[in-house]
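Colleague: Just dropping this structure here.
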Amino acid sequence: MDFAKSDIQAMLLDSADRLLSENADVEYWRHQRGGALGFDEARWARFAELGWLALPVPEAAGGLDGSIEDIALLNIALGKALATEPYVSTVVLADHVLKQAADQLRAMELLGDIAGGTLRIALAHQENGAHPLGVEARGTVARASGDGYVLSGAKIMALDAPSAGQFIISARIEGEEGTGLFLVPADAAGLSIEPYALIDGTRAADLAFADVALPAGALLVGGNRGAAVLREAIDRASIALMAQAVGAMEAANKVCGAYVQERKQFGTAIGSFQAIQHIMADNFIAAHQARSMLYHALANADQDEATRSAALSAARLVIGEAGQVVSRNGIQVHGGYGLTDEYAIGHYFRRLMCIEKQYGDLIQHGERFGDSIFG
Amino acid sequence: MELRLDPDLETFRTQVRAFIDRVLPADMKERQRRKVANNAAVPDLLQWMRILDDHGRAVPHWPEEFGGCGWSPMQLFIFNEELYKADAPEFDWGGTHMLGPVLYTYGSDYLKDKFLPMIREGATMWAQGFSEPGSGSDLASLRTSADLVDGKYIVNGQKIWTSGAAHADWGFFLVRTDKSVKPQRGISFLIIKMDTPGITVRQIPQINGEAHLCEVFLDNVEVPADQLIGEPGMGWTYAKFLLEHERTTSSFIYWSKRELARAKDIARGETMDGRRVADDPAFRARFARAEADLLALEWSVLRVLAHEEFDAPEAAAASVLKIRGSELQQEITMLQVDAMGAKSLRFFDAAPVPPPAPTDVWPDYAPGRTTVALINRAATIYGGSKQIQKNILAKLAFGL
Ligand SMILES: Cc1cc2nc3c(=O)[nH]c(=O)nc-3n(C[C@H](O)[C@H](O)[C@H](O)COP(=O)(O)OP(=O)(O)OC[C@H]3O[C@@H](n4cnc5c(N)ncnc54)[C@H](O)[C@@H]3O)c2cc1C
């Protein structure tokens with residue numbers, strides 16, 4: 001076991017520090033949130049130049065063949081800066097699905113486009129009333145028609161969908177078992193998209209498919225493997241999100257630590273009150289344990305599904321709760337200033353709340369981990 | 001000991017319910033139920049005050065000579081509970097519950113005659129200008145000054161967190177009239193018209209998308225000297241009276257009961273693979289806990305209302321209500337949010353009235369829950385933060 005960073009990782013963190021630290025403040029976040037997509041496309045292009053969009057891409061497709069640990073480290077930095085770019089959707093989630101696609105030639109092309117910054121892909125899987133940890137499609141159906149398929153149904157809360165050029169859609173294939181994963185262009189006829197903002201300034205959308213005609217090649221992963229591939233991809237996305245949470249928490253703790261030393265009441269820094277000191281100690285404990293559990297999830301990322309998902313859910317439990325502790329306490333020590341959009345802590349709070357609820361929330365991961373203990 | 005409710009009170013409750021049913025306009029009720037914003041729209045709030053006043057019910061808790069109903073604390077409790085349950089707009093708390101009691105207790109006849117009817121009739125919105133950028137928990141250190149010059153106070157300084165100041169007609173302010181004495185002794189209680197020249201209000205964008213909180217800048221604002229309540233230098237005493245007057249209000253018991261009922265509706269409405277969120281064991285455990293805690297809070301409120309004697313100062317019991325009440329507000333609003341899962345993350349703009357039309361995916365309970373839950377982090381901060389309350393409690397109960 002070695003916690004030291006490799007050369008690539010050190011370089012990655014160095015570049016992240018340089019690019020992100022200049023824009024990790026309230027003014028930048030508020031400006032981005034007010035924009036059309038919730039993030040800056042010019043900075044996305046910088047992500048491409050720095051190789052971040054090629055990180056998990058195989059060398060054959062011009063990528064860096066990075067490990068899940070590399071991805072996690074970069075995401076810690078993204079979380080620390082509250083970056084709203086659709087990195088997890090496109091680079092972590094979609095990449096993984098594409099790497100499992102039947103037509104690898106086409107997949108490599110798409111991966112190359114992602115690495116170059118010209119293509120963004122969002123997953124649209126969640127359906128209203130479906131269990132958030134389920135990977136089977138229920139109400140979305142692909143019907144064979146001629147050489148291709150016709151897709152109907154609806155998805156909700158497709159993260160980062162408004163800025164995506166293509167979607168990965170989970171759908172039941174009529175007459176077959178399982179769930180297939182389809183690639184659908186955002187401008188497909190019959191596809192309607194209702195975009196909206198989330199409380200952390202990122203974007204999502206509800207999608208409705210009214211007999212969307214798809215060519216045969218749109219089927220990336222067939223019904224026999226679709227659910228398993230989706231599970232792996234979502235688990236990797238979950239790890240990246242947990243890394244962002246860890247980064248956000250550690251940054252929030254820094255912000256709060258500085259605030260309680262600066263803020264004076266009763267003629268002295270509020271950090272001199274024991275009540276505040278204990279809150280800050282709790283926050284440190286929470287963030288420290290959170291990083292530990294990120295490592296636990298990473299260490300088990302390539303295990304069989306049962307081991308991997310148990311480790312992941314345990315981590316999501318600890319990290320989800322830690323995010324709440326850190327951000328709620330963080331607002332509390334800020335007093336009224338914590339409730340304004342003009343202080344950083346409220347931004348960390350909203351991001352951490354979003355991460356806690358994406359790809360399964362505290363309660364569902366708690367239940368899944370509980371099931372893994374008692375079988 | 002008789003712990004059951006007096007049967008007469010059940011009759012009273014039935015009458016109150018029928019009254020509200022008769023006078024609360026259906027469209028107002030619907031707007032109130034479906035609002036995305038945490039705070040009620042000003043026109044509804046004032047209109048509702050006028051309706052209540054037409055029936056002599058706008059300020060039931062005031063002395064009868066000023067328009068009160070002469071009800072017992074239990075009757076007031078029931079009246080408030082039914083108002084909340086019926087989705088009636090809130091009172092303008094600043095006027096009816098904060099300033100009003102200070103005015104009729106300490107104000108001159110001139111001030112009472114001028115302002116009590118204005119508050120009661122729903123003619124004005126009120127802002128509370130106490131906190132300052134450097135003076136929150138340590139309120140006594142406030143610096144906004146009021147100097148008496150030629151029969152007028154000249155006010156200079158800055159207030160912050162002044163809720164609703166952008167829509168307020170009048171404000172009641174704590175100002176420093178004497179810098180030469182101990183901080184608490186130099187503070188006075190001053191009524192200021194919000195459109196007086198020299199006042200600038202800035203709305204503060206909040207984490208929930210609203211901008212109800214404000215900064216108020218006062219630059220050589222001239223205020224008639226007779227708008228100072230009671231004696232100069234007694235403002236701190238009046239402010240403490242104001243904060244302690246309504247000991248049970250800070251429990252938010254009526255509000256929390258209504259919101260827990262709403263949380264249960266959401267848990268019945270949302271499903272996961274065909275199973276209601278309400279049937280999920282982890283959610284059940286949380287609902288059970290919240291419901292039990294709320295019952296405990298309600299009994300604690302009733303004990304204060306009945307002035308039960310116990311071996312600690314009554315203010316200790318009031319601190320319990322504030323601390324547990326605010327924690328429960330937070331837990332209950334988060335239950336609403338958590339029951340919606342990831343759907344709760346969608347941002348709904350608080351401004352449009354009515355909110356977007358309900359759909360299968362986004363039922364009418366969806367917009368607003370997160371808006372309210374986010375700003376409810378403030379419940380453990382305003383009106384004496386949780387830490388300050390615990391400091392007070394430890395002192396009152398144990399002499400620490
Ligand atoms: C939504 C909202 C509405 C409000 N409405 C109004 C209004 O209408 N009018 C008005 O005048 N004010 C209003 N306030 C202001 C409110 O009363 C203050 O925010 C509150 O008094 C805390 O002051 P502060 O924000 O300056 O925090 P601070 O006093 O700076 O407190 C920061 C942190 O330090 C802690 N702390 C401070 N002193 C101690 C101590 N001695 N021991 C231990 N911990 C301590 C606090 O608990 C808190 O966690 C409102 C605030 C909010 C959030």
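Letters for chains follow the order of the structure tokens (A, B, ...), residue numbers begin at 1 for each chain, and ligand numbers begin at 1 in the order shown.
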Go through the chains and note each residue within 7 Å of ligand 1, using only C-alpha atoms and all ligand atoms, then give the set as a VMD selection string.

Modeller: (chain A and resid 263 to 266 270 273 to 276 332 to 337 339) or (chain B and resid 127 to 131 133 to 138 160 to 163 213 375 378 381 to 388 391)

Colleague: Now that the selection is made, can you save its residues with N, CA and C atoms as a CSV table (one decimal), in the first residue's frame?

Modeller:
chain,number,residue,atom,x,y,z
A,263,ARG,N,-14.2,36.1,12.2
A,263,ARG,CA,-15.4,36.7,12.7
A,263,ARG,C,-15.3,36.9,14.2
A,264,LYS,N,-15.6,38.1,14.6
A,264,LYS,CA,-15.6,38.5,16.0
A,264,LYS,C,-17.0,38.8,16.6
A,265,GLN,N,-17.3,38.2,17.7
A,265,GLN,CA,-18.5,38.6,18.5
A,265,GLN,C,-18.1,38.6,19.9
A,266,PHE,N,-18.7,39.4,20.7
A,266,PHE,CA,-18.4,39.6,22.1
A,266,PHE,C,-16.9,39.9,22.3
A,270,ILE,N,-15.0,34.1,17.1
A,270,ILE,CA,-16.0,33.1,17.5
A,270,ILE,C,-15.3,31.7,17.6
A,273,PHE,N,-14.7,30.2,21.1
A,273,PHE,CA,-15.7,29.6,21.9
A,273,PHE,C,-15.6,28.1,21.7
A,274,GLN,N,-15.8,27.4,22.9
A,274,GLN,CA,-15.6,25.9,22.8
A,274,GLN,C,-16.7,25.3,21.9
A,275,ALA,N,-17.9,25.9,22.0
A,275,ALA,CA,-19.0,25.3,21.1
A,275,ALA,C,-18.6,25.3,19.7
A,276,ILE,N,-17.9,26.4,19.2
A,276,ILE,CA,-17.5,26.4,17.8
A,276,ILE,C,-16.3,25.5,17.6
A,332,GLN,N,-24.0,26.9,10.0
A,332,GLN,CA,-24.2,27.3,11.4
A,332,GLN,C,-23.1,28.2,11.9
A,333,VAL,N,-21.9,27.9,11.6
A,333,VAL,CA,-20.8,28.7,12.2
A,333,VAL,C,-20.7,30.1,11.5
A,334,HIS,N,-21.3,30.1,10.3
A,334,HIS,CA,-21.3,31.4,9.5
A,334,HIS,C,-22.4,32.3,10.0
A,335,GLY,N,-23.4,31.8,10.8
A,335,GLY,CA,-24.5,32.6,11.1
A,335,GLY,C,-25.3,33.1,9.9
A,336,GLY,N,-25.9,34.2,9.9
A,336,GLY,CA,-26.7,34.7,8.8
A,336,GLY,C,-25.9,34.7,7.5
A,337,TYR,N,-24.6,34.9,7.5
A,337,TYR,CA,-23.8,34.9,6.2
A,337,TYR,C,-23.9,33.6,5.5
A,339,LEU,N,-26.4,31.8,5.0
A,339,LEU,CA,-27.7,31.7,4.2
A,339,LEU,C,-27.7,32.5,2.9
B,127,ALA,N,-40.7,45.8,9.4
B,127,ALA,CA,-39.4,45.2,9.4
B,127,ALA,C,-38.8,45.3,10.8
B,128,GLN,N,-38.0,44.4,11.1
B,128,GLN,CA,-37.3,44.4,12.4
B,128,GLN,C,-35.8,44.7,12.2
B,129,GLY,N,-35.4,45.9,12.6
B,129,GLY,CA,-34.0,46.3,12.3
B,129,GLY,C,-33.2,46.2,13.6
B,130,PHE,N,-32.8,45.1,14.0
B,130,PHE,CA,-31.9,44.9,15.1
B,130,PHE,C,-30.5,44.6,14.7
B,131,SER,N,-30.3,43.4,14.0
B,131,SER,CA,-28.9,42.9,13.7
B,131,SER,C,-28.1,43.9,12.9
B,133,PRO,N,-24.0,44.2,10.7
B,133,PRO,CA,-23.0,43.3,10.2
B,133,PRO,C,-22.0,42.8,11.3
B,134,GLY,N,-21.7,43.7,12.3
B,134,GLY,CA,-20.8,43.3,13.3
B,134,GLY,C,-21.5,42.9,14.6
B,135,SER,N,-22.8,42.9,14.6
B,135,SER,CA,-23.5,42.7,15.9
B,135,SER,C,-24.7,41.7,15.6
B,136,GLY,N,-24.4,40.4,15.7
B,136,GLY,CA,-25.4,39.4,15.5
B,136,GLY,C,-25.8,38.8,16.9
B,137,SER,N,-25.0,37.8,17.3
B,137,SER,CA,-25.2,37.2,18.6
B,137,SER,C,-24.9,38.2,19.7
B,138,ASP,N,-23.9,39.0,19.4
B,138,ASP,CA,-23.6,40.1,20.4
B,138,ASP,C,-24.3,41.4,20.0
B,160,ILE,N,-28.6,44.7,9.0
B,160,ILE,CA,-28.5,43.5,8.1
B,160,ILE,C,-29.4,42.4,8.6
B,161,TRP,N,-29.8,41.6,7.6
B,161,TRP,CA,-30.7,40.5,7.9
B,161,TRP,C,-32.1,41.0,8.2
B,162,THR,N,-32.4,42.2,7.8
B,162,THR,CA,-33.7,42.8,8.0
B,162,THR,C,-34.7,42.1,7.1
B,163,SER,N,-35.4,41.1,7.6
B,163,SER,CA,-36.3,40.4,6.8
B,163,SER,C,-37.4,41.2,6.2
B,213,LEU,N,-34.2,38.5,2.8
B,213,LEU,CA,-33.3,39.2,3.7
B,213,LEU,C,-32.7,40.5,3.1
B,375,ILE,N,-33.6,27.3,3.3
B,375,ILE,CA,-33.5,28.5,4.1
B,375,ILE,C,-33.8,28.1,5.6
B,378,ALA,N,-31.5,28.4,8.6
B,378,ALA,CA,-31.5,29.6,9.4
B,378,ALA,C,-32.2,29.4,10.8
B,381,ILE,N,-30.3,29.6,13.7
B,381,ILE,CA,-29.4,30.8,13.7
B,381,ILE,C,-30.1,32.1,14.2
B,382,TYR,N,-31.3,32.3,13.6
B,382,TYR,CA,-32.0,33.6,13.9
B,382,TYR,C,-32.6,33.5,15.3
B,383,GLY,N,-32.9,34.7,15.9
B,383,GLY,CA,-33.6,34.8,17.1
B,383,GLY,C,-32.8,34.1,18.3
B,384,GLY,N,-31.5,34.2,18.2
B,384,GLY,CA,-30.7,33.5,19.3
B,384,GLY,C,-30.3,32.2,18.8
B,385,SER,N,-29.0,32.1,18.3
B,385,SER,CA,-28.6,30.8,17.7
B,385,SER,C,-28.6,29.7,18.6
B,386,LYS,N,-28.5,28.5,18.1
B,386,LYS,CA,-28.5,27.2,18.9
B,386,LYS,C,-27.4,27.3,20.0
B,387,GLN,N,-26.2,27.7,19.6
B,387,GLN,CA,-25.1,27.8,20.5
B,387,GLN,C,-25.4,28.8,21.7
B,388,ILE,N,-26.0,29.9,21.3
B,388,ILE,CA,-26.3,30.9,22.3
B,388,ILE,C,-27.4,30.4,23.2
B,391,ASN,N,-25.9,28.0,25.6
B,391,ASN,CA,-25.2,28.7,26.7
B,391,ASN,C,-26.2,29.2,27.7

Colleague: Report the closest atom pair, with its distance in Å rounded to one decimal, for each residue of chain B that has an atom no farther than 6 Å from chain A; count only C-alpha atoms, sort by chain and then rising residue number, and write it as a tab-separated table.

Modeller:
residue	atom	partner	partner_atom	distance
B:Asp138	CA	A:Phe266	CA	5.5
B:Pro205	CA	A:Asp341	CA	5.4
B:Gln206	CA	A:Thr340	CA	4.1
B:Ile207	CA	A:Asp341	CA	4.8
B:Thr271	CA	A:Gly129	CA	4.9
B:Met272	CA	A:His131	CA	4.4
B:Asp273	CA	A:Ala130	CA	4.6
B:Ala342	CA	A:Lys357	CA	5.1
B:Leu345	CA	A:Leu198	CA	5.4
B:Arg346	CA	A:Leu198	CA	4.4
B:Phe347	CA	A:Leu198	CA	4.8
B:Ile381	CA	A:Gly335	CA	5.8

Colleague: Emit the selected residues as an mmCIF file, in the first residue's frame, including C-alpha atoms.

Modeller:
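And here is the file that came out, again28.cif:
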data_model
loop_
_atom_site.group_PDB
_atom_site.id
_atom_site.type_symbol
_atom_site.label_atom_id
_atom_site.label_comp_id
_atom_site.auth_asym_id
_atom_site.auth_seq_id
_atom_site.Cartn_x
_atom_site.Cartn_y
_atom_site.Cartn_z
ATOM 1 C CA ASP B 138 -23.587 40.094 20.366
ATOM 2 C CA PRO B 205 -29.637 36.877 -2.610
ATOM 3 C CA GLN B 206 -30.179 33.747 -0.515
ATOM 4 C CA ILE B 207 -29.125 30.137 -0.980
ATOM 5 C CA THR B 271 -42.804 5.439 -5.107
ATOM 6 C CA MET B 272 -39.724 3.316 -5.719
ATOM 7 C CA ASP B 273 -40.410 0.362 -7.991
ATOM 8 C CA ALA B 342 -33.065 13.231 -6.500
ATOM 9 C CA LEU B 345 -32.632 18.783 -6.410
ATOM 10 C CA ARG B 346 -34.523 20.602 -9.141
ATOM 11 C CA PHE B 347 -34.390 24.338 -8.658
ATOM 12 C CA ILE B 381 -29.370 30.824 13.710
#

Colleague: Tell me, as a PyMOL selection string, which residues lie within 12 Å of Lys240 in chain B, counting only C-alpha atoms; anything in the same chain fewer than 5 positions away does not count.

Modeller: chain B and resi 98-99+101-102+130+139-140+174+184+187+189+234-235+245-247+315+383-384

Colleague: Give me a file of those residues, with all heavy atoms, as a tab-separated table (two decimals), in the first residue's frame.

Modeller:
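Done, and the output landed in selection34.tsv:
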chain	number	residue	atom	x	y	z
B	98	MET	N	-44.26	41.16	17.48
B	98	MET	CA	-43.05	41.75	18.06
B	98	MET	C	-43.31	43.18	18.50
B	98	MET	O	-43.27	43.51	19.68
B	98	MET	CB	-41.92	41.71	17.05
B	98	MET	CG	-41.46	40.30	16.72
B	98	MET	SD	-40.14	40.36	15.51
B	98	MET	CE	-39.72	38.65	15.43
B	99	LEU	N	-43.58	44.04	17.52
B	99	LEU	CA	-43.75	45.45	17.87
B	99	LEU	C	-45.01	45.68	18.70
B	99	LEU	O	-44.99	46.42	19.69
B	99	LEU	CB	-43.80	46.31	16.59
B	99	LEU	CG	-44.04	47.79	16.85
B	99	LEU	CD1	-42.91	48.38	17.69
B	99	LEU	CD2	-44.18	48.55	15.54
B	101	PRO	N	-46.87	44.10	21.02
B	101	PRO	CA	-46.77	43.99	22.49
B	101	PRO	C	-45.85	45.04	23.12
B	101	PRO	O	-46.14	45.54	24.20
B	101	PRO	CB	-46.21	42.58	22.70
B	101	PRO	CG	-46.68	41.81	21.49
B	101	PRO	CD	-46.63	42.80	20.36
B	102	VAL	N	-44.76	45.41	22.43
B	102	VAL	CA	-43.88	46.45	22.98
B	102	VAL	C	-44.63	47.78	23.02
B	102	VAL	O	-44.59	48.51	24.01
B	102	VAL	CB	-42.59	46.59	22.13
B	102	VAL	CG1	-41.76	47.78	22.58
B	102	VAL	CG2	-41.76	45.32	22.21
B	130	PHE	N	-32.78	45.06	13.96
B	130	PHE	CA	-31.94	44.88	15.14
B	130	PHE	C	-30.49	44.58	14.74
B	130	PHE	O	-29.57	45.31	15.04
B	130	PHE	CB	-32.45	43.72	16.02
B	130	PHE	CG	-33.70	44.02	16.81
B	130	PHE	CD1	-34.48	45.14	16.56
B	130	PHE	CD2	-34.12	43.16	17.82
B	130	PHE	CE1	-35.64	45.41	17.29
B	130	PHE	CE2	-35.26	43.41	18.56
B	130	PHE	CZ	-36.03	44.52	18.30
B	139	LEU	N	-25.65	41.31	20.11
B	139	LEU	CA	-26.49	42.40	19.64
B	139	LEU	C	-26.21	43.71	20.38
B	139	LEU	O	-26.30	44.80	19.80
B	139	LEU	CB	-27.96	41.99	19.79
B	139	LEU	CG	-29.02	42.92	19.19
B	139	LEU	CD1	-28.80	43.12	17.71
B	139	LEU	CD2	-30.42	42.34	19.44
B	140	ALA	N	-25.85	43.59	21.65
B	140	ALA	CA	-25.67	44.81	22.46
B	140	ALA	C	-24.54	45.69	21.95
B	140	ALA	O	-24.43	46.85	22.32
B	140	ALA	CB	-25.44	44.43	23.91
B	174	LEU	N	-33.35	49.13	16.67
B	174	LEU	CA	-32.54	49.38	17.86
B	174	LEU	C	-31.41	50.30	17.44
B	174	LEU	O	-30.69	50.00	16.48
B	174	LEU	CB	-31.98	48.09	18.45
B	174	LEU	CG	-32.97	47.15	19.14
B	174	LEU	CD1	-32.22	45.95	19.73
B	174	LEU	CD2	-33.77	47.86	20.23
B	184	GLN	N	-25.49	48.10	26.86
B	184	GLN	CA	-26.93	47.80	26.95
B	184	GLN	C	-27.74	49.03	27.36
B	184	GLN	O	-28.92	49.14	27.03
B	184	GLN	CB	-27.20	46.68	27.97
B	184	GLN	CG	-26.85	45.28	27.50
B	184	GLN	CD	-25.39	44.94	27.70
B	184	GLN	OE1	-24.56	45.83	27.93
B	184	GLN	NE2	-25.05	43.67	27.59
B	187	ILE	N	-28.97	51.97	24.41
B	187	ILE	CA	-29.74	51.57	23.23
B	187	ILE	C	-31.20	52.01	23.37
B	187	ILE	O	-31.79	51.91	24.44
B	187	ILE	CB	-29.68	50.03	23.06
B	187	ILE	CG1	-28.24	49.61	22.73
B	187	ILE	CG2	-30.64	49.55	21.98
B	187	ILE	CD1	-28.01	48.11	22.72
B	189	PHE	N	-35.25	52.31	21.26
B	189	PHE	CA	-36.15	51.58	20.36
B	189	PHE	C	-36.90	52.61	19.53
B	189	PHE	O	-37.69	53.39	20.05
B	189	PHE	CB	-37.12	50.79	21.24
B	189	PHE	CG	-37.74	49.58	20.60
B	189	PHE	CD1	-37.39	48.31	21.03
B	189	PHE	CD2	-38.70	49.70	19.60
B	189	PHE	CE1	-37.98	47.18	20.48
B	189	PHE	CE2	-39.27	48.57	19.03
B	189	PHE	CZ	-38.92	47.31	19.48
B	234	MET	N	-33.71	52.58	27.12
B	234	MET	CA	-34.41	51.38	27.59
B	234	MET	C	-34.66	50.37	26.48
B	234	MET	O	-35.33	49.36	26.67
B	234	MET	CB	-35.76	51.79	28.22
B	234	MET	CG	-35.61	52.50	29.56
B	234	MET	SD	-34.91	51.39	30.82
B	234	MET	CE	-36.35	50.35	31.13
B	235	GLY	N	-34.10	50.65	25.29
B	235	GLY	CA	-34.36	49.80	24.13
B	235	GLY	C	-33.99	48.34	24.35
B	235	GLY	O	-34.68	47.43	23.89
B	245	HIS	N	-41.49	37.65	25.13
B	245	HIS	CA	-42.93	37.77	25.31
B	245	HIS	C	-43.67	36.55	24.80
B	245	HIS	O	-44.54	36.00	25.46
B	245	HIS	CB	-43.42	39.02	24.58
B	245	HIS	CG	-44.89	39.26	24.76
B	245	HIS	ND1	-45.43	39.64	25.96
B	245	HIS	CD2	-45.93	39.14	23.90
B	245	HIS	CE1	-46.74	39.76	25.83
B	245	HIS	NE2	-47.07	39.47	24.59
B	246	GLU	N	-43.29	36.13	23.61
B	246	GLU	CA	-43.98	35.00	22.99
B	246	GLU	C	-43.10	33.77	23.13
B	246	GLU	O	-42.43	33.38	22.20
B	246	GLU	CB	-44.24	35.30	21.52
B	246	GLU	CG	-45.38	36.26	21.27
B	246	GLU	CD	-46.73	35.54	21.23
B	246	GLU	OE1	-46.78	34.40	20.75
B	246	GLU	OE2	-47.71	36.14	21.71
B	247	ARG	N	-43.11	33.19	24.29
B	247	ARG	CA	-42.16	32.11	24.57
B	247	ARG	C	-42.39	30.88	23.72
B	247	ARG	O	-41.48	30.11	23.47
B	247	ARG	CB	-42.29	31.70	26.03
B	247	ARG	CG	-42.05	32.85	26.95
B	247	ARG	CD	-41.34	32.33	28.15
B	247	ARG	NE	-40.34	33.31	28.49
B	247	ARG	CZ	-39.93	33.54	29.72
B	247	ARG	NH1	-40.41	32.82	30.72
B	247	ARG	NH2	-39.00	34.43	29.95
B	315	ALA	N	-37.68	30.33	31.72
B	315	ALA	CA	-36.95	30.63	30.49
B	315	ALA	C	-36.16	29.42	29.99
B	315	ALA	O	-35.89	29.29	28.80
B	315	ALA	CB	-36.00	31.81	30.73
B	383	GLY	N	-32.90	34.72	15.86
B	383	GLY	CA	-33.59	34.80	17.15
B	383	GLY	C	-32.83	34.14	18.29
B	383	GLY	O	-33.43	33.58	19.20
B	384	GLY	N	-31.51	34.20	18.24
B	384	GLY	CA	-30.69	33.53	19.26
B	384	GLY	C	-30.27	32.17	18.75
B	384	GLY	O	-31.06	31.24	18.73

Colleague: When DSSP is applied to the backbone of this structure, which of range 145-218 of chain B are assigned strand (DSSP E or B)? Write them out as a VMD selection string.

Modeller: chain B and resid 145 to 149 152 to 160 170 to 176 187 to 193 199 to 203 206 214 to 218

Colleague: Work out how far CA of Ile78 in chain B is from CA of Arg120 in chain B, in Å to one decimal.

Modeller: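 So the answer is 20.0 Å.
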
Colleague: Quick check for you: according to DSSP on this backbone, which residues of range 149-312 of chain B are classed as alpha helix (DSSP H)? Reply as a VMD selection string.

Modeller: chain B and resid 235 to 245 253 to 269 281 to 305

Colleague: CA of Met108 in chain A and CA of Ala60 in chain A are how many Å apart?

Modeller: 7.9 Å

Colleague: Neighbouring residues of range 165-173 of chain A were defined as those with any atom within 8 Å, considering only C-alpha atoms; residues of the same chain fewer than 3 positions away were excluded. Please report them as a PyMOL selection string.

Modeller: chain A and resi 94+119-125+136-144+151+161+176-187+223+226

Colleague: Would you please work out which residue, of B:Ile204, B:Val149, B:Val42, B:Leu328, is nearest to Val216 in chain B when using only C-alpha atoms?

Modeller: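 With only C-alpha atoms as the atom set, the closest residue is B:Ile204.
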
Colleague: Could you give me, as a PyMOL selection string, the residues within 10 Å of Met340 in chain B, counting only C-alpha atoms and dropping anything in the same chain fewer than 6 positions from it?

Modeller: (chain A and resi 129+357) or (chain B and resi 263+266-267+269-271+277+334+362+365-366+369-370)

Colleague: If I take CA of Asp14 in chain A and CA of Val246 in chain A, how far is one from the other in Å, to one decimal?

Modeller: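 Computing the Euclidean distance for CA of Asp14 in chain A and CA of Val246 in chain A yields 17.9 Å.
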
Colleague: Contacts of Ile119 in chain B at 8 Å or less, counting only C-alpha atoms, minus same-chain residues fewer than 4 places along, as a compact mmCIF listing (two decimals) with all heavy atoms, in the first residue's frame?

Modeller:
# COMPACT_ATOMS: atom_id res chain seq x y z
N GLY B 95 -45.10 43.02 13.05
CA GLY B 95 -46.08 43.96 13.56
C GLY B 95 -46.91 43.37 14.69
O GLY B 95 -47.00 43.93 15.79
N THR B 96 -47.51 42.21 14.41
CA THR B 96 -48.50 41.68 15.36
C THR B 96 -47.89 41.08 16.61
O THR B 96 -48.46 41.18 17.69
CB THR B 96 -49.36 40.59 14.68
OG1 THR B 96 -48.48 39.59 14.14
CG2 THR B 96 -50.21 41.17 13.57
N GLY B 100 -46.13 45.05 18.28
CA GLY B 100 -47.41 45.29 18.95
C GLY B 100 -47.30 45.23 20.48
O GLY B 100 -47.60 46.22 21.17
N PHE B 115 -50.12 53.59 15.77
CA PHE B 115 -49.61 52.38 15.12
C PHE B 115 -50.40 51.10 15.40
O PHE B 115 -50.45 50.22 14.54
CB PHE B 115 -48.14 52.17 15.48
CG PHE B 115 -47.24 53.20 14.86
CD1 PHE B 115 -46.58 54.14 15.63
CD2 PHE B 115 -47.07 53.24 13.48
CE1 PHE B 115 -45.75 55.09 15.05
CE2 PHE B 115 -46.25 54.19 12.88
CZ PHE B 115 -45.59 55.12 13.66
N ALA B 123 -52.69 47.37 7.42
CA ALA B 123 -52.40 48.52 6.55
C ALA B 123 -50.91 48.63 6.26
O ALA B 123 -50.52 49.31 5.31
CB ALA B 123 -52.90 49.80 7.21
N THR B 124 -50.10 47.96 7.05
CA THR B 124 -48.65 48.16 6.92
C THR B 124 -47.89 46.85 7.10
O THR B 124 -48.33 45.96 7.82
CB THR B 124 -48.14 49.10 8.04
OG1 THR B 124 -48.69 48.65 9.28
CG2 THR B 124 -48.52 50.53 7.77
N MET B 125 -46.74 46.79 6.43
CA MET B 125 -45.80 45.69 6.67
C MET B 125 -44.67 46.25 7.53
O MET B 125 -44.24 47.39 7.33
CB MET B 125 -45.20 45.19 5.36
CG MET B 125 -46.11 44.32 4.53
SD MET B 125 -46.49 42.74 5.30
CE MET B 125 -44.89 41.95 5.28
